[in-house]
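Undergrad: To be precise about what I am sending: the file is called protein-v1.txt and holds compact mmCIF, C-alpha atoms.
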# COMPACT_ATOMS: atom_id res chain seq x y z
CA GLY A 68 10.43 -6.06 -24.70
CA GLN A 69 11.11 -3.80 -21.70
CA ALA A 70 7.55 -2.83 -20.82
CA VAL A 71 3.90 -3.70 -21.31
CA ASP A 72 1.47 -1.38 -23.10
CA LEU A 73 -0.86 -0.26 -20.31
CA SER A 74 -2.85 2.26 -22.36
CA LYS A 75 -5.95 0.03 -22.56
CA VAL A 76 -5.58 -1.75 -19.23
CA PRO A 77 -8.17 -0.92 -16.53
CA PHE A 78 -6.49 -0.23 -13.18
CA LYS A 79 -7.82 -1.63 -9.91
CA VAL A 80 -6.77 -1.83 -6.28
CA ASN A 81 -4.09 -4.44 -5.66
CA ASP A 82 -5.74 -7.33 -3.80
CA TRP A 83 -3.36 -7.22 -0.80
CA ASP A 84 -3.80 -3.45 -0.52
CA ASN A 85 -7.57 -3.92 -0.55
CA TYR A 86 -7.28 -6.00 2.64
CA SER A 87 -4.90 -3.49 4.23
CA VAL A 88 -7.29 -0.56 3.61
CA GLU A 89 -10.17 -2.58 5.08
CA GLU A 90 -8.15 -3.48 8.19
CA ALA A 91 -7.06 0.13 8.77
CA VAL A 92 -10.65 1.36 8.37
CA ARG A 93 -11.93 -1.27 10.84
CA ILE A 94 -9.40 -0.15 13.47
CA VAL A 95 -10.42 3.49 13.01
CA GLU A 96 -14.11 2.62 13.26
CA LYS A 97 -13.40 0.87 16.55
CA SER A 98 -10.73 3.11 18.09
CA GLY A 99 -11.07 6.50 16.37
CA GLY A 100 -8.65 8.37 14.16
CA ALA A 101 -8.52 8.57 10.38
CA VAL A 102 -7.18 6.64 7.40
CA THR A 103 -5.32 8.35 4.58
CA ALA A 104 -4.71 6.39 1.38
CA VAL A 105 -1.44 7.06 -0.48
CA SER A 106 -0.73 5.88 -4.02
CA ILE A 107 2.29 6.23 -6.30
CA GLY A 108 1.30 6.37 -9.94
CA ASP A 109 -0.35 8.68 -12.44
CA ALA A 110 -3.85 10.02 -13.12
CA GLU A 111 -5.15 6.44 -13.54
CA SER A 112 -4.37 5.82 -9.86
CA ASP A 113 -7.17 8.20 -8.84
CA GLU A 114 -9.54 5.26 -9.25
CA VAL A 115 -7.60 3.47 -6.51
CA LEU A 116 -7.85 6.46 -4.15
CA ARG A 117 -11.57 6.94 -4.78
CA ARG A 118 -12.20 3.29 -3.96
CA ALA A 119 -10.20 3.59 -0.71
CA ILE A 120 -12.23 6.67 0.26
CA ALA A 121 -15.45 4.83 -0.56
CA MET A 122 -14.27 2.08 1.80
CA GLY A 123 -13.85 4.59 4.64
CA ALA A 124 -10.56 6.44 4.17
CA LYS A 125 -10.79 10.12 5.07
CA ASP A 126 -8.76 11.35 2.10
CA GLY A 127 -6.28 10.31 -0.56
CA PHE A 128 -2.83 11.47 -1.65
CA LEU A 129 -1.46 10.75 -5.11
CA VAL A 130 2.29 11.02 -5.68
CA ASP A 131 2.31 11.51 -9.44
CA MET A 132 5.30 9.78 -11.02
CA GLY A 133 4.11 9.28 -14.57
CA ASP A 134 6.59 6.45 -15.13
CA ILE A 135 6.29 3.14 -13.28
CA LEU A 136 8.88 2.51 -10.56
CA HIS A 137 9.98 -1.11 -10.88
CA ASP A 138 12.47 -1.02 -8.01
CA PRO A 139 11.02 -1.59 -4.48
CA ASN A 140 13.93 0.33 -2.94
CA ALA A 141 13.07 3.35 -5.10
CA ARG A 142 9.39 3.08 -4.15
CA ALA A 143 10.17 2.90 -0.43
CA THR A 144 12.55 5.86 -0.69
CA LEU A 145 9.90 7.93 -2.47
CA ILE A 146 7.32 7.14 0.22
CA GLN A 147 9.82 7.90 3.00
CA ASN A 148 10.69 11.27 1.46
CA PHE A 149 7.01 12.09 0.95
CA LEU A 150 6.04 11.29 4.54
CA LYS A 151 8.92 13.34 5.95
CA LYS A 152 8.67 16.31 3.59
CA GLU A 153 4.90 16.66 3.98
CA ASN A 154 5.11 15.89 7.71
CA VAL A 155 2.36 13.26 7.45
CA PRO A 156 1.45 12.05 10.98
CA PHE A 157 0.70 8.36 11.50
CA ASP A 158 0.39 5.68 14.19
CA ALA A 159 0.87 2.84 11.73
CA ILE A 160 1.49 2.31 8.03
CA PHE A 161 -0.47 -0.49 6.34
CA THR A 162 0.86 -1.96 3.13
CA GLY A 163 -0.14 -5.08 1.27
CA VAL A 164 2.27 -8.03 1.56
CA GLN A 165 3.01 -7.72 -2.15
CA SER A 166 1.61 -6.43 -5.43
CA GLU A 167 -0.21 -8.63 -7.90
CA ASP A 168 1.92 -7.60 -10.86
CA ASP A 169 5.60 -7.74 -9.83
CA GLN A 170 5.26 -9.52 -6.44
CA PHE A 171 8.46 -8.26 -4.82
CA GLY A 172 6.92 -8.34 -1.33
CA ALA A 173 9.62 -5.90 -0.18
CA VAL A 174 8.37 -2.29 -0.08
CA GLY A 175 6.90 -2.48 3.45
CA GLY A 176 10.07 -3.92 4.98
CA ILE A 177 12.41 -1.50 3.18
CA LEU A 178 10.19 1.45 4.15
CA ALA A 179 10.21 0.40 7.81
CA ALA A 180 14.02 0.14 7.76
CA LYS A 181 14.38 3.58 6.16
CA LEU A 182 12.03 5.11 8.74
CA GLY A 183 13.72 3.25 11.61
CA LEU A 184 10.43 1.64 12.65
CA PRO A 185 9.48 -1.89 13.71
CA PHE A 186 8.03 -4.04 10.94
CA VAL A 187 5.60 -6.96 11.10
CA SER A 188 5.13 -8.95 7.90
CA MET A 189 2.40 -11.38 6.77
CA VAL A 190 -0.11 -9.99 9.31
CA ILE A 191 -3.16 -12.26 9.39
CA GLY A 192 -4.87 -10.76 12.47
CA ILE A 193 -4.76 -7.68 14.69
CA ASP A 194 -6.01 -8.61 18.16
CA ALA A 195 -5.38 -5.28 19.91
CA PHE A 196 -4.46 -1.76 18.83
CA GLU A 197 -3.57 0.44 21.80
CA ALA A 198 -2.02 3.89 22.20
CA ASP A 199 1.58 2.65 22.21
CA HIS A 200 1.47 -0.95 20.95
CA ALA A 201 -0.42 -3.51 18.91
CA ILE A 202 -0.81 -7.26 19.32
CA VAL A 203 -0.90 -9.04 15.99
CA ARG A 204 -0.76 -12.50 14.48
CA ARG A 205 1.44 -13.26 11.50
CA GLU A 206 1.29 -16.21 9.17
CA LEU A 207 4.10 -18.75 9.16
CA GLU A 208 4.58 -21.80 6.96
CA GLY A 209 2.70 -25.01 7.60
CA GLY A 210 -0.43 -23.21 8.81
CA LEU A 211 1.27 -21.90 11.97
CA GLN A 212 0.75 -18.40 13.36
CA GLU A 213 3.05 -16.26 15.49
CA ARG A 214 1.56 -13.78 17.98
CA VAL A 215 3.70 -10.69 18.59
CA LYS A 216 3.50 -7.42 20.50
CA VAL A 217 4.91 -4.49 18.53
CA ALA A 218 5.55 -0.89 19.56
CA LEU A 219 3.81 1.92 17.69
CA PRO A 220 4.41 3.62 15.33
CA CYS A 221 5.24 0.72 13.04
CA VAL A 222 4.74 -0.72 9.56
CA PHE A 223 2.46 -3.69 8.85
CA SER A 224 2.31 -5.73 5.66
CA ILE A 225 -1.17 -7.23 5.50
CA GLN A 226 -1.90 -10.72 4.19
CA THR A 227 -5.04 -11.61 2.23
CA GLY A 228 -7.71 -13.33 4.30
CA ILE A 229 -7.26 -11.12 7.38
CA ASN A 230 -10.81 -9.82 6.83
CA GLU A 231 -13.58 -9.64 4.27
CA PRO A 232 -13.20 -6.32 2.39
CA ARG A 233 -16.51 -4.48 2.21
CA TYR A 234 -18.39 -4.21 -1.06
CA VAL A 235 -18.04 -0.81 -2.69
CA SER A 236 -20.74 0.20 -5.18
CA ILE A 237 -20.18 2.35 -8.26
CA MET A 238 -22.36 4.99 -6.58
CA GLY A 239 -20.09 4.88 -3.54
CA ILE A 240 -17.03 5.46 -5.73
CA ARG A 241 -18.82 8.35 -7.47
CA LYS A 242 -19.61 9.91 -4.09
CA ALA A 243 -15.98 9.50 -3.09
CA SER A 244 -14.98 11.54 -6.14
CA LYS A 245 -16.40 14.60 -4.33
CA VAL A 246 -13.82 14.14 -1.54
CA GLU A 247 -10.63 16.06 -2.26
CA ARG A 248 -7.65 14.02 -3.38
CA LYS A 249 -4.36 15.86 -3.22
CA VAL A 250 -1.84 15.42 -6.03
CA PHE A 251 1.89 15.83 -5.37
CA LYS A 252 4.71 15.94 -7.93
CA GLY A 253 6.86 12.83 -7.60
CA SER A 254 9.93 14.82 -8.70
CA ASP A 255 9.80 16.69 -5.36
CA TYR A 256 10.52 13.51 -3.36
CA GLN A 257 13.39 11.84 -5.19
CA ASP A 258 16.25 12.69 -2.79
CA ASN A 259 18.61 9.69 -2.53
CA MET A 260 16.23 7.66 -4.67
CA VAL A 261 18.36 5.12 -6.51
CA SER A 262 16.97 2.29 -8.62
CA LYS A 263 19.05 -0.82 -8.01
CA LEU A 264 17.16 -2.90 -10.54
CA GLU A 265 16.96 -2.42 -14.29
CA VAL A 266 14.38 -4.18 -16.44
CA VAL A 267 16.42 -5.82 -19.22
CA LYS A 268 13.66 -7.72 -20.98
CA TRP A 269 10.20 -9.12 -20.50
CA VAL A 270 9.65 -12.53 -22.11
CA TYR A 271 7.14 -15.35 -22.00
CA PRO A 272 8.63 -18.49 -20.42
CA PRO A 273 9.40 -21.20 -23.00
CA LYS A 274 6.61 -23.70 -23.51
CA LYS A 275 7.37 -27.13 -22.06
Show how you would write the structure in this file as structure tokens.
TA:
Amino acid sequence: GQAVDLSKVPFKVNDWDNYSVEEAVRIVEKSGGAVTAVSIGDAESDEVLRRAIAMGAKDGFLVDMGDILHDPNARATLIQNFLKKENVPFDAIFTGVQSEDDQFGAVGGILAAKLGLPFVSMVIGIDAFEADHAIVRRELEGGLQERVKVALPCVFSIQTGINEPRYVSIMGIRKASKVERKVFKGSDYQDNMVSKLEVVKWVYPPKK
């Protein structure tokens, strides 16, 4: 009762991440630069990276953990250590608002805090992306939007509906498999990585 058998489950890109990849690719197509997709997972996650490359990412990095990290603090720490140790340059980090499975909605904010960068959550529109700042709109309750100017580099968490993710064909994903994806050992990036959550039990809610 502490895990779900994932051996026969097909993996796909998290819906919020799909929108964030699309938004990053659109900015690069307009302003130049490159998109690198990063995934924490195991060999199954290569499907996610190939799809991101088929959408327009230049390359993909897989941090191979084998086991699933349930704790968003641990995930953010792993990403922080990876970016610093591998000296990955970036102007902005795009994450989805949350994941479809555990829905913490916290990794982007924790990562920004650990990196000491500004963070904009629930981004529903990017109106300008300049050399040192971006102007974005974020979703508030009641259908309201807040328009903010944020210094770069920064971390965005992207909300669904910001764009219409492009269709990626099976042939496109097969072509993307020819683009090199680099695999890194997750054990190399676990400095100060502490899980503050422990899964005690998974249960179905009682029927009403």
Undergrad: Determine, counting all atoms listed in the file, which protein, DNA and RNA residues have an atom within 12 Å of an atom of A:Asn81; residues of the same chain fewer than 2 positions away are not included. Present the result as a list of chain:residue names.
TA: A:Phe78, A:Lys79, A:Trp83, A:Asp84, A:Asn85, A:Tyr86, A:Ser87, A:Val88, A:Ser106, A:Ser112, A:Glu114, A:Val115, A:Leu116, A:Arg118, A:Ala119, A:Thr162, A:Gly163, A:Val164, A:Gln165, A:Ser166, A:Glu167, A:Asp168, A:Asp169, A:Gln170, A:Ile225, A:Gln226, A:Thr227
Undergrad: For a cut-off of 10 Å around (-17.5, 3.0, -6.9), file coordinates, pick out all residues using all atoms listed in the file and list them as a ChimeraX atom specification.
TA: /A:114-115,117-122,234-244
Undergrad: Looking at only C-alpha atoms, which of A:Met189, A:Ala110, A:Ile135, A:Leu184 is the one that sits closest to A:Glu208?
TA: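 Ranking A:Met189, A:Ala110, A:Ile135, A:Leu184 by distance to A:Glu208, first place goes to A:Met189.
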Undergrad: Which stretch 184-256 of chain A residues have any atom within 12 Å of an atom of stretch 142-150 of chain A, and for each, what is the nearest pair of atoms with distance in Å to one decimal, counting all atoms listed in the file, rows sorted by chain and number, as a tab-separated table?
TA:
residue	atom	partner	partner_atom	distance
A:Leu184	CA	A:Gln147	CA	11.5
A:Val222	CA	A:Ala143	CA	11.9
A:Val250	CA	A:Phe149	CA	11.8
A:Phe251	CA	A:Phe149	CA	9.0
A:Lys252	CA	A:Phe149	CA	9.9
A:Gly253	CA	A:Leu145	CA	7.7
A:Ser254	CA	A:Leu145	CA	9.3
A:Asp255	CA	A:Phe149	CA	8.3
A:Tyr256	CA	A:Asn148	CA	5.3
Undergrad: Closest to A:Arg204 among A:Asn230, A:Val105, A:Ala218, A:Ser188, using all atoms listed in the file?
TA: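 Using all atoms listed in the file, the shortest distance to A:Arg204 belongs to A:Ser188.
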